[in-house]
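Structure below is coords-v8.pdb: PDB, C-alpha atoms.
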ATOM      1  CA  GLN A   1     -40.516  18.992  21.672
ATOM      2  CA  VAL A   2     -38.230  21.998  21.873
ATOM      3  CA  GLN A   3     -39.833  25.197  23.107
ATOM      4  CA  LEU A   4     -38.400  28.694  23.451
ATOM      5  CA  GLN A   5     -39.731  31.394  25.743
ATOM      6  CA  GLU A   6     -38.582  35.002  25.845
ATOM      7  CA  SER A   7     -38.671  36.980  29.080
ATOM      8  CA  GLY A   8     -37.691  40.461  30.148
ATOM      9  CA  PRO A   9     -39.036  43.961  30.708
ATOM     10  CA  GLY A  10     -41.539  45.287  28.219
ATOM     11  CA  LEU A  11     -40.514  48.903  28.751
ATOM     12  CA  VAL A  12     -36.988  50.291  28.686
ATOM     13  CA  LYS A  13     -35.926  53.926  28.975
ATOM     14  CA  PRO A  14     -33.731  55.563  26.351
ATOM     15  CA  SER A  15     -29.981  55.179  26.917
ATOM     16  CA  GLN A  16     -30.527  52.137  29.142
ATOM     17  CA  THR A  17     -29.633  48.520  28.360
ATOM     18  CA  LEU A  18     -32.292  46.165  27.076
ATOM     19  CA  SER A  19     -31.908  42.672  28.505
ATOM     20  CA  LEU A  20     -33.926  39.661  27.359
ATOM     21  CA  THR A  21     -33.584  35.991  28.208
ATOM     22  CA  CYS A  22     -34.643  33.011  26.143
ATOM     23  CA  THR A  23     -35.318  29.817  28.073
ATOM     24  CA  VAL A  24     -35.081  26.643  26.025
ATOM     25  CA  SER A  25     -36.910  23.504  27.104
ATOM     26  CA  GLY A  26     -37.029  20.066  25.556
ATOM     27  CA  GLY A  27     -33.509  20.324  24.183
ATOM     28  CA  SER A  28     -30.044  21.580  25.039
ATOM     29  CA  ILE A  29     -28.497  24.806  23.749
ATOM     30  CA  THR A  30     -25.213  22.896  23.473
ATOM     31  CA  THR A  31     -26.648  20.410  20.974
ATOM     32  CA  ASN A  32     -24.318  20.238  17.980
ATOM     33  CA  TYR A  33     -24.974  22.480  14.993
ATOM     34  CA  TYR A  34     -27.620  24.671  16.601
ATOM     35  CA  TYR A  35     -27.362  28.448  16.478
ATOM     36  CA  TRP A  36     -29.417  30.466  18.937
ATOM     37  CA  SER A  37     -30.383  33.837  17.604
ATOM     38  CA  TRP A  38     -32.202  36.987  18.507
ATOM     39  CA  ILE A  39     -34.418  38.540  15.839
ATOM     40  CA  ARG A  40     -36.576  41.618  16.040
ATOM     41  CA  GLN A  41     -39.394  43.218  14.104
ATOM     42  CA  PRO A  42     -39.966  46.949  14.517
ATOM     43  CA  PRO A  43     -43.513  48.176  13.957
ATOM     44  CA  GLY A  44     -44.360  48.244  10.262
ATOM     45  CA  LYS A  45     -40.993  46.779   9.251
ATOM     46  CA  GLY A  46     -39.488  43.416   8.425
ATOM     47  CA  LEU A  47     -37.507  40.991  10.526
ATOM     48  CA  GLU A  48     -34.002  42.015  11.542
ATOM     49  CA  TRP A  49     -31.395  39.523  12.713
ATOM     50  CA  ILE A  50     -29.467  40.762  15.745
ATOM     51  CA  GLY A  51     -26.987  37.979  16.385
ATOM     52  CA  TYR A  52     -26.444  34.447  17.599
ATOM     53  CA  ILE A  53     -24.606  32.322  20.083
ATOM     54  CA  ALA A  54     -23.662  28.937  18.695
ATOM     55  CA  TYR A  55     -23.769  25.505  20.308
ATOM     56  CA  SER A  56     -20.024  25.930  20.808
ATOM     57  CA  GLY A  57     -20.443  29.248  22.592
ATOM     58  CA  SER A  58     -19.088  31.371  19.778
ATOM     59  CA  THR A  59     -21.003  34.515  18.868
ATOM     60  CA  ASN A  60     -21.733  36.540  15.758
ATOM     61  CA  TYR A  61     -23.552  39.852  15.502
ATOM     62  CA  SER A  62     -25.179  42.009  12.888
ATOM     63  CA  PRO A  63     -22.629  44.631  11.798
ATOM     64  CA  SER A  64     -25.179  47.387  12.262
ATOM     65  CA  LEU A  65     -25.796  46.438  15.895
ATOM     66  CA  LYS A  66     -22.484  44.884  16.852
ATOM     67  CA  SER A  67     -21.204  47.819  18.873
ATOM     68  CA  ARG A  68     -24.235  47.673  21.170
ATOM     69  CA  THR A  69     -24.938  43.931  21.320
ATOM     70  CA  SER A  70     -23.859  41.106  23.568
ATOM     71  CA  ILE A  71     -25.299  37.590  23.578
ATOM     72  CA  SER A  72     -24.333  35.195  26.341
ATOM     73  CA  ARG A  73     -25.573  31.901  27.709
ATOM     74  CA  ASP A  74     -26.066  29.977  30.925
ATOM     75  CA  THR A  75     -25.812  26.307  30.075
ATOM     76  CA  SER A  76     -26.831  25.267  33.587
ATOM     77  CA  LYS A  77     -30.177  27.004  33.046
ATOM     78  CA  ASN A  78     -30.360  26.270  29.312
ATOM     79  CA  GLN A  79     -30.826  29.976  28.613
ATOM     80  CA  PHE A  80     -29.291  32.572  26.369
ATOM     81  CA  THR A  81     -29.478  36.299  26.919
ATOM     82  CA  LEU A  82     -29.474  39.410  24.760
ATOM     83  CA  GLN A  83     -28.110  42.709  25.998
ATOM     84  CA  LEU A  84     -28.558  45.747  23.767
ATOM     85  CA  SER A  85     -27.049  48.909  25.171
ATOM     86  CA  SER A  86     -27.789  52.593  24.664
ATOM     87  CA  VAL A  87     -31.271  51.948  23.354
ATOM     88  CA  THR A  88     -33.353  54.545  21.533
ATOM     89  CA  PRO A  89     -37.008  54.546  20.479
ATOM     90  CA  GLU A  90     -35.825  52.985  17.193
ATOM     91  CA  ASP A  91     -35.102  49.811  19.147
ATOM     92  CA  THR A  92     -38.807  49.404  19.879
ATOM     93  CA  ALA A  93     -39.819  46.055  18.396
ATOM     94  CA  VAL A  94     -41.114  42.577  18.985
ATOM     95  CA  TYR A  95     -38.082  40.505  19.920
ATOM     96  CA  TYR A  96     -37.907  36.803  19.099
ATOM     97  CA  CYS A  97     -35.488  34.080  20.012
ATOM     98  CA  TRP A  98     -34.808  31.446  17.362
ATOM     99  CA  GLY A  99     -33.005  28.152  17.353
ATOM    100  CA  ALA A 100     -31.675  27.244  13.905
ATOM    101  CA  GLY A 101     -30.267  23.844  13.050
ATOM    102  CA  PRO A 102     -31.536  20.603  11.570
ATOM    103  CA  TYR A 103     -34.894  21.911  12.785
ATOM    104  CA  ASP A 104     -35.980  25.475  13.491
ATOM    105  CA  TYR A 105     -37.603  26.598  16.703
ATOM    106  CA  TRP A 106     -39.109  29.992  17.490
ATOM    107  CA  GLY A 107     -40.229  31.759  20.601
ATOM    108  CA  GLN A 108     -43.581  33.518  20.583
ATOM    109  CA  GLY A 109     -41.961  36.947  20.759
ATOM    110  CA  THR A 110     -42.045  39.699  23.320
ATOM    111  CA  GLN A 111     -42.839  43.374  22.823
ATOM    112  CA  VAL A 112     -40.185  45.813  23.991
ATOM    113  CA  THR A 113     -40.921  49.521  23.941
ATOM    114  CA  VAL A 114     -38.228  52.129  24.428
ATOM    115  CA  SER A 115     -39.757  55.252  25.908
ATOM    116  CA  SER A 116     -39.222  57.656  28.732
TER     117      SER A 116
END

In structure tokens, what does this structure look like?
Amino acid sequence: QVQLQESGPGLVKPSQTLSLTCTVSGGSITTNYYYWSWIRQPPGKGLEWIGYIAYSGSTNYSPSLKSRTSISRDTSKNQFTLQLSSVTPEDTAVYYCWGAGPYDYWGQGTQVTVSS
């Protein structure tokens, strides 16, 4: 059974870089046709897709966040990482990692608050 677990700081100061890691167990992030995404949900708002890193290693980002986003992976650890730079309080949200393919897998989510 594939499981995803987000990890990272729950509090980030404005202008800093938010960094979150998703650890995947029970399956490989290089498995064909899987896309590993970051999604977020700000308080009182809907889900927002941030971007993905594909099984091949290619990446794709939301146009609205592209200039501040980087998603990378460590295949030896079966992890993928989100970096979101120059954060503001508007980046406060619950952040989820999501594996999309023949089956979908979700992490439980982690709260990140941007505040000084």

| task | Using all atoms listed in the file, find the one residue out of A:Gln16, A:Gln1, A:Thr69, A:Ser64 that sits nearest to Ser116 of chain A. | result |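 Checking each of A:Gln16, A:Gln1, A:Thr69, A:Ser64 against Ser116 of chain A, counting all atoms listed in the file, the winner is A:Gln16.
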
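Selection check: the PyMOL selection byres ((chain A and resi 8) around 8) on the shown file gives Glu6, Ser7, Pro9, Gly10, Ser19, Leu20 and Thr21 of chain A.
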
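Coordinates place atom CA of Trp38 of chain A at a distance of 20.2 Å from atom CA of Pro14 of chain A.
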
| Could you name the residues that touch Tyr33 of chain A at 12 Å or less, counting only C-alpha atoms, but leaving out those on the same chain fewer than 4 positions away, as a list in words? | Ser28, Ile29, Ile53, Ala54, Tyr55, Ser56, Gly57, Ser58, Gly99, Ala100, Gly101, Pro102, Tyr103 and Asp104 of chain A

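Each of A:Cys22, A:Val2, A:Val12, A:Val114 was checked against Ser72 of chain A using all atoms listed in the file; the smallest atom-to-atom distance is that of A:Cys22.
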
Here's the selection I'm unsure about, the PyMOL selection byres ((chain A and resi 25) around 7); applied to the file above, which residues does it give, as a PDB file with C-alpha atoms, in the coordinates of the input?
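Output file out06.pdb is given in full below:
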ATOM      1  CA  VAL A   2     -38.230  21.998  21.873  1.00  0.00           C
ATOM      2  CA  GLN A   3     -39.833  25.197  23.107  1.00  0.00           C
ATOM      3  CA  LEU A   4     -38.400  28.694  23.451  1.00  0.00           C
ATOM      4  CA  THR A  23     -35.318  29.817  28.073  1.00  0.00           C
ATOM      5  CA  VAL A  24     -35.081  26.643  26.025  1.00  0.00           C
ATOM      6  CA  GLY A  26     -37.029  20.066  25.556  1.00  0.00           C
ATOM      7  CA  GLY A  27     -33.509  20.324  24.183  1.00  0.00           C
TER       8      GLY A  27
END

| task | Can you pull out every residue within 10 Å of Ser37 of chain A, counting all atoms listed in the file, but drop anything in the same chain fewer than 5 positions away, and send it as a PyMOL selection string? | result | chain A and resi 22+49-54+59-61+71+80-82+96-100+106

| query | So how far away is atom CA of Thr17 of chain A from atom CA of Leu65 of chain A, in Å? | reply | 13.2 Å

Edge lengths and centre in Å to one decimal, as JSON, of the axis-aligned box that encloses all listed atoms of segment 10-19 of chain A with 6 Å added on every side?
{"center_x": -35.6, "center_y": 49.1, "center_z": 27.7, "size_x": 23.9, "size_y": 24.9, "size_z": 14.8}

| Between atom CA of Ser70 of chain A and atom CA of Pro42 of chain A, what is the distance, to one decimal in Å? | 19.4 Å

| On this structure, which residues satisfy the PyMOL selection byres ((chain A and resi 115) around 10), written as a ChimeraX atom specification? | /A:11-15,87-92,112-114,116

| Which neighbours of Arg68 of chain A fall inside 8 Å, counting all atoms listed in the file, when residues of the same chain fewer than 2 positions from it are skipped, and could you give them as a list in words? |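 Selected residues are Leu65, Lys66, Ser70, Gln83, Leu84, Ser85 and Ser86 of chain A.
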
| message | Which residues are close to Glu48 of chain A, i.e. within 8 Å by all atoms listed in the file, leaving aside same-chain residues fewer than 4 positions away? Reply as JSON, numbers by chain. | response | {"A": [39, 40, 41]}

| Which of A:Arg73, A:Tyr34, A:Pro63, A:Pro43 sits closest to Gln111 of chain A [using all atoms listed in the file] |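 Looking only at the distances to Gln111 of chain A, the closest residue turns out to be A:Pro43.
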